[in-house]
$ cat query27.txt   # compact mmCIF, C-alpha atoms
# COMPACT_ATOMS: atom_id res chain seq x y z
CA MET C 1 -8.48 -78.94 35.85
CA THR C 2 -5.53 -77.43 33.94
CA ARG C 3 -7.34 -78.16 30.67
CA ILE C 4 -10.44 -76.36 31.85
CA ILE C 5 -8.43 -73.31 32.85
CA LEU C 6 -6.58 -73.30 29.50
CA LEU C 7 -9.88 -73.65 27.60
CA LEU C 8 -11.38 -70.85 29.66
CA LEU C 9 -8.37 -68.55 28.98
CA LEU C 10 -8.41 -69.43 25.27
CA SER C 11 -12.17 -68.67 25.09
CA ILE C 12 -11.67 -65.30 26.79
CA GLN C 13 -8.85 -64.41 24.42
CA LEU C 14 -10.87 -65.35 21.33
CA LEU C 15 -13.93 -63.44 22.52
CA SER C 16 -11.87 -60.35 23.31
CA CYS C 17 -10.54 -60.11 19.73
CA GLU C 18 -12.61 -57.61 17.74
CA LYS C 19 -12.93 -57.50 14.03
CA GLU C 20 -11.99 -54.07 12.69
CA SER C 21 -15.13 -52.44 11.38
CA ALA C 22 -15.17 -50.38 8.21
CA ASN C 23 -15.61 -46.66 8.59
CA PRO C 24 -19.08 -45.93 7.15
CA ASN C 25 -18.04 -42.33 6.41
CA GLN C 26 -15.10 -43.37 4.21
CA ASN C 27 -15.91 -43.95 0.54
CA PRO C 28 -13.48 -46.05 -1.48
CA GLU C 29 -12.04 -44.43 -4.59
CA THR C 30 -13.37 -45.51 -7.97
CA LEU C 31 -11.24 -45.72 -11.10
CA ILE C 32 -12.95 -43.63 -13.81
CA TYR C 33 -10.36 -43.75 -16.61
CA SER C 34 -6.91 -45.20 -17.17
CA THR C 35 -4.48 -45.37 -20.09
CA SER C 36 -0.83 -46.23 -20.59
CA PHE C 37 -0.74 -44.72 -24.11
CA GLU C 38 0.11 -47.99 -25.86
CA ASP C 39 -2.01 -47.63 -29.01
CA GLN C 40 -2.69 -44.55 -31.18
CA THR C 41 -5.99 -45.91 -32.53
CA THR C 42 -7.34 -46.57 -29.03
CA LEU C 43 -6.42 -43.03 -27.91
CA GLU C 44 -8.24 -41.50 -30.88
CA GLU C 45 -11.30 -43.69 -30.22
CA GLU C 46 -11.28 -42.61 -26.56
CA GLY C 47 -11.31 -38.95 -27.63
CA TRP C 48 -7.70 -37.78 -27.25
CA GLU C 49 -6.95 -34.85 -29.56
CA GLY C 50 -3.96 -32.67 -30.33
CA VAL C 51 -0.47 -32.80 -31.82
CA TYR C 52 1.32 -35.74 -30.20
CA THR C 53 3.05 -39.02 -30.98
CA LEU C 54 3.74 -42.22 -29.08
CA LEU C 55 7.35 -42.85 -28.10
CA GLU C 56 8.96 -46.08 -26.92
CA ASP C 57 9.79 -45.00 -23.37
CA SER C 58 7.99 -45.43 -20.05
CA PRO C 59 8.46 -45.50 -16.28
CA ALA C 60 9.18 -48.87 -14.65
CA SER C 61 5.46 -49.40 -13.95
CA GLY C 62 4.40 -48.53 -17.51
CA GLY C 63 4.09 -50.51 -20.71
CA SER C 64 6.31 -49.89 -23.70
CA TYR C 65 5.06 -46.54 -24.98
CA CYS C 66 4.22 -43.09 -23.65
CA LEU C 67 2.55 -39.94 -24.93
CA ALA C 68 5.22 -37.66 -26.44
CA LEU C 69 4.72 -33.94 -26.96
CA GLU C 70 7.10 -31.64 -28.81
CA PRO C 71 6.82 -27.86 -28.96
CA GLN C 72 5.43 -26.73 -32.30
CA TRP C 73 6.52 -23.71 -34.30
CA LEU C 74 4.67 -20.66 -32.99
CA PRO C 75 1.80 -19.94 -33.03
CA GLY C 76 1.14 -23.69 -32.87
CA LEU C 77 1.25 -25.70 -29.65
CA GLY C 78 2.38 -29.26 -29.04
CA GLU C 79 -0.43 -30.50 -26.83
CA ALA C 80 -2.75 -33.40 -26.13
CA PHE C 81 -6.13 -33.05 -24.48
CA TYR C 82 -8.94 -35.29 -23.33
CA ALA C 83 -12.45 -34.54 -22.00
CA PRO C 84 -13.47 -37.34 -19.61
CA THR C 85 -17.11 -37.80 -18.63
CA LEU C 86 -17.24 -37.02 -14.92
CA SER C 87 -20.05 -36.51 -12.42
CA ASN C 88 -20.63 -33.07 -11.00
CA ASN C 89 -19.92 -32.08 -7.39
CA SER C 90 -17.44 -34.87 -6.67
CA ASN C 91 -13.85 -35.10 -5.50
CA TYR C 92 -11.42 -36.44 -8.10
CA ARG C 93 -7.74 -37.32 -8.30
CA ILE C 94 -5.59 -37.51 -11.42
CA ASP C 95 -2.36 -39.54 -11.29
CA PHE C 96 0.27 -39.70 -14.02
CA TRP C 97 3.99 -40.11 -14.68
CA PHE C 98 5.98 -37.54 -16.67
CA LYS C 99 9.48 -36.57 -17.68
CA THR C 100 10.97 -33.81 -19.79
CA ILE C 101 13.82 -33.87 -22.27
CA ASN C 102 15.51 -30.47 -22.75
CA TRP C 103 12.17 -28.75 -22.32
CA GLU C 104 9.44 -27.88 -19.82
CA GLY C 105 5.80 -28.79 -20.09
CA THR C 106 2.49 -27.94 -18.50
CA PHE C 107 -0.42 -29.95 -17.11
CA LEU C 108 -3.78 -28.15 -16.99
CA ILE C 109 -7.30 -28.90 -15.89
CA ASN C 110 -9.89 -26.58 -17.46
CA LYS C 111 -13.67 -26.21 -17.55
CA ARG C 112 -15.10 -25.73 -21.05
CA LEU C 113 -18.50 -24.25 -21.81
CA SER C 114 -20.42 -26.56 -24.15
CA GLY C 115 -20.41 -25.36 -27.76
CA SER C 116 -17.70 -22.78 -27.06
CA ASP C 117 -13.92 -22.49 -27.05
CA ALA C 118 -14.08 -20.45 -23.82
CA GLU C 119 -12.38 -22.20 -20.89
CA GLU C 120 -11.76 -21.50 -17.23
CA ASN C 121 -8.49 -22.79 -15.77
CA LEU C 122 -8.89 -24.83 -12.57
CA LEU C 123 -5.31 -26.07 -12.14
CA THR C 124 -1.93 -25.47 -13.83
CA ILE C 125 1.19 -27.45 -12.94
CA SER C 126 4.67 -27.01 -14.48
CA LEU C 127 6.34 -30.25 -15.61
CA THR C 128 10.11 -29.83 -15.25
CA GLU C 129 11.64 -33.12 -14.02
CA GLU C 130 14.12 -34.84 -16.32
CA ASP C 131 13.58 -38.30 -14.79
CA TRP C 132 10.28 -40.17 -14.68
CA THR C 133 8.32 -38.51 -11.86
CA PHE C 134 4.94 -39.45 -10.37
CA ALA C 135 2.36 -36.66 -10.03
CA SER C 136 -0.97 -36.78 -8.22
CA HIS C 137 -3.49 -33.92 -8.05
CA SER C 138 -6.85 -33.87 -6.26
CA PHE C 139 -9.63 -31.42 -7.03
CA VAL C 140 -13.32 -30.79 -6.42
CA LEU C 141 -15.35 -30.67 -9.60
CA GLU C 142 -18.33 -28.33 -9.81
CA LEU C 143 -19.72 -28.17 -13.34
CA ALA C 144 -22.82 -26.47 -14.69
CA GLU C 145 -25.05 -28.54 -16.93
CA ASN C 146 -23.41 -27.15 -20.08
CA GLU C 147 -19.74 -27.50 -18.95
CA THR C 148 -17.18 -30.27 -19.35
CA LEU C 149 -13.77 -30.93 -17.85
CA VAL C 150 -10.72 -30.93 -20.15
CA VAL C 151 -7.34 -32.42 -19.20
CA TYR C 152 -4.36 -30.93 -21.08
CA PHE C 153 -0.69 -31.80 -21.40
CA SER C 154 1.35 -29.24 -23.31
CA ALA C 155 4.87 -28.73 -24.61
CA GLY C 156 3.98 -25.25 -25.82
CA GLY C 157 5.48 -23.48 -28.82
CA THR C 158 8.91 -22.31 -29.86
CA GLU C 159 10.86 -20.50 -32.53
CA VAL C 160 14.31 -21.82 -31.69
CA VAL C 161 14.98 -24.91 -29.57
CA SER C 162 13.17 -28.19 -29.25
CA GLY C 163 12.66 -30.87 -26.65
CA LYS C 164 10.02 -33.31 -25.45
CA VAL C 165 7.49 -33.77 -22.68
CA LEU C 166 6.60 -37.42 -22.01
CA VAL C 167 3.50 -38.60 -20.13
CA ASP C 168 2.46 -42.12 -19.13
CA GLU C 169 0.15 -44.14 -16.88
CA LEU C 170 -2.67 -41.58 -16.59
CA SER C 171 -5.50 -42.52 -14.20
CA ILE C 172 -8.54 -40.58 -13.02
CA TYR C 173 -10.26 -41.58 -9.76
CA ARG C 174 -13.42 -40.41 -8.02
CA GLU C 175 -12.60 -40.19 -4.31

$ encode --input "query27.txt" --output "structure tokens"
Amino acid sequence: MTRIILLLLLSIQLLSCEKESANPNQNPETLIYSTSFEDQTTLEEEGWEGVYTLLEDSPASGGSYCLALEPQWLPGLGEAFYAPTLSNNSNYRIDFWFKTINWEGTFLINKRLSGSDAEENLLTISLTEEDWTFASHSFVLELAENETLVVYFSAGGTEVVSGKVLVDELSIYRE
């Protein structure tokens, strides 16, 4: 009789456990692009442009190298930019690590009209931390048929002093 009662209690307990159901309204994020800036040739093939070098330095989660920007003599700018192919009317997030050495940098997201140099700024963030710092920025992308998104990292220009802006582990996600 004790066995029957134990089996009955065990059956009730097992039947009362519910499996957690997934929220049908929650979409998982999708990795669109990722780089740890390990190879100059790969960056050029992927479409990175600008005045930059690779430097042997990285956050703990990174590889061996990072993107290094130095301010250029005015009117030049030390910058790197990339135009990822993204779908319109979606939510995106860009994650990256950065640090500065005796200098401040800027991270920008712009919209560029196809066949033109005209751009509209969507987001500007100052990069000022002297230790490796994680940054994450979400945005809604609404592009016309003839527009593209451009991601910029800049060390700007100077006439006197010099420093560096380092960037690593860049990832773009569709949320």

$ closest_atom_pairs --input "query27.txt" --of "region 124-150 of chain C" --to "region 88-98 of chain C" --cutoff "7 Å" --atoms "all atoms listed in the file" --output "JSON lines"
{"residue": "C:Trp132", "atom": "CA", "partner": "C:Phe98", "partner_atom": "CA", "distance": 5.4}
{"residue": "C:Thr133", "atom": "CA", "partner": "C:Trp97", "partner_atom": "CA", "distance": 5.4}
{"residue": "C:Phe134", "atom": "CA", "partner": "C:Trp97", "partner_atom": "CA", "distance": 4.5}
{"residue": "C:Ala135", "atom": "CA", "partner": "C:Phe96", "partner_atom": "CA", "distance": 5.4}
{"residue": "C:Ser136", "atom": "CA", "partner": "C:Asp95", "partner_atom": "CA", "distance": 4.4}
{"residue": "C:His137", "atom": "CA", "partner": "C:Ile94", "partner_atom": "CA", "distance": 5.4}
{"residue": "C:Ser138", "atom": "CA", "partner": "C:Arg93", "partner_atom": "CA", "distance": 4.1}
{"residue": "C:Phe139", "atom": "CA", "partner": "C:Tyr92", "partner_atom": "CA", "distance": 5.4}
{"residue": "C:Val140", "atom": "CA", "partner": "C:Asn91", "partner_atom": "CA", "distance": 4.4}
{"residue": "C:Leu141", "atom": "CA", "partner": "C:Asn89", "partner_atom": "CA", "distance": 5.3}
{"residue": "C:Glu142", "atom": "CA", "partner": "C:Asn89", "partner_atom": "CA", "distance": 4.7}
{"residue": "C:Leu143", "atom": "CA", "partner": "C:Asn88", "partner_atom": "CA", "distance": 5.5}

$ write_last_selection --input "query27.txt" --atoms "C-alpha atoms" --output "short mmCIF file (atom, residue, chain, number, x, y, z; two decimals), in the frame of the given file"
data_model
loop_
_atom_site.label_atom_id
_atom_site.label_comp_id
_atom_site.auth_asym_id
_atom_site.auth_seq_id
_atom_site.Cartn_x
_atom_site.Cartn_y
_atom_site.Cartn_z
CA TRP C 132 10.28 -40.17 -14.68
CA THR C 133 8.32 -38.51 -11.86
CA PHE C 134 4.94 -39.45 -10.37
CA ALA C 135 2.36 -36.66 -10.03
CA SER C 136 -0.97 -36.78 -8.22
CA HIS C 137 -3.49 -33.92 -8.05
CA SER C 138 -6.85 -33.87 -6.26
CA PHE C 139 -9.63 -31.42 -7.03
CA VAL C 140 -13.32 -30.79 -6.42
CA LEU C 141 -15.35 -30.67 -9.60
CA GLU C 142 -18.33 -28.33 -9.81
CA LEU C 143 -19.72 -28.17 -13.34
#

$ closest_residue --input "query27.txt" --among "C:Val51, C:Val167, C:Glu147, C:Val161" --to "Gly76 (chain C)" --atoms "all atoms listed in the file"
C:Val51

$ residues_near_point --input "query27.txt" --point "(-5.2, -29.1, -16.4)" --cutoff "9 Å" --atoms "all atoms listed in the file" --output "JSON, numbers by chain"
{"C": [106, 107, 108, 109, 110, 121, 122, 123, 124, 125, 149, 150, 151, 152, 153]}

$ residues_around --input "query27.txt" --residues "Tyr33 (chain C)" --least-positions-apart "3" --cutoff "10 Å" --atoms "all atoms listed in the file" --output "list of chain:residue names"
C:Thr30, C:Pro84, C:Thr85, C:Leu86, C:Ile94, C:Leu170, C:Ser171, C:Ile172, C:Tyr173, C:Arg174

$ atom_distance --input "query27.txt" --atom1 "CA of Gly47 (chain C)" --atom2 "CA of Leu74 (chain C)"
24.9 Å

$ residues_around --input "query27.txt" --residues "Trp73 (chain C)" --least-positions-apart "6" --cutoff "12 Å" --atoms "only C-alpha atoms" --output "NGL selection string"
:C and (51 or 155-162)

$ residues_around --input "query27.txt" --residues "Glu44 (chain C)" --least-positions-apart "5" --cutoff "12 Å" --atoms "only C-alpha atoms" --output "number ranges by chain"
C: 37-39, 49-53, 80-82

$ atom_distance --input "query27.txt" --atom1 "CA of Leu55 (chain C)" --atom2 "CA of Leu77 (chain C)"
18.3 Å

$ residues_around --input "query27.txt" --residues "Asp57 (chain C)" --least-positions-apart "6" --cutoff "12 Å" --atoms "all atoms listed in the file" --output "PyMOL selection string"
chain C and resi 36-38+63-68+97-101+131-132+164-169

$ atom_distance --input "query27.txt" --atom1 "CA of Asp117 (chain C)" --atom2 "CA of Glu70 (chain C)"
23.0 Å

$ closest_residue --input "query27.txt" --among "C:Glu79, C:Glu119, C:Glu129, C:Glu29" --to "Glu104 (chain C)" --atoms "only C-alpha atoms"
C:Glu129

$ closest_residue --input "query27.txt" --among "C:Ser58, C:Thr148, C:Ser154, C:Leu43" --to "Glu120 (chain C)" --atoms "only C-alpha atoms"
C:Thr148
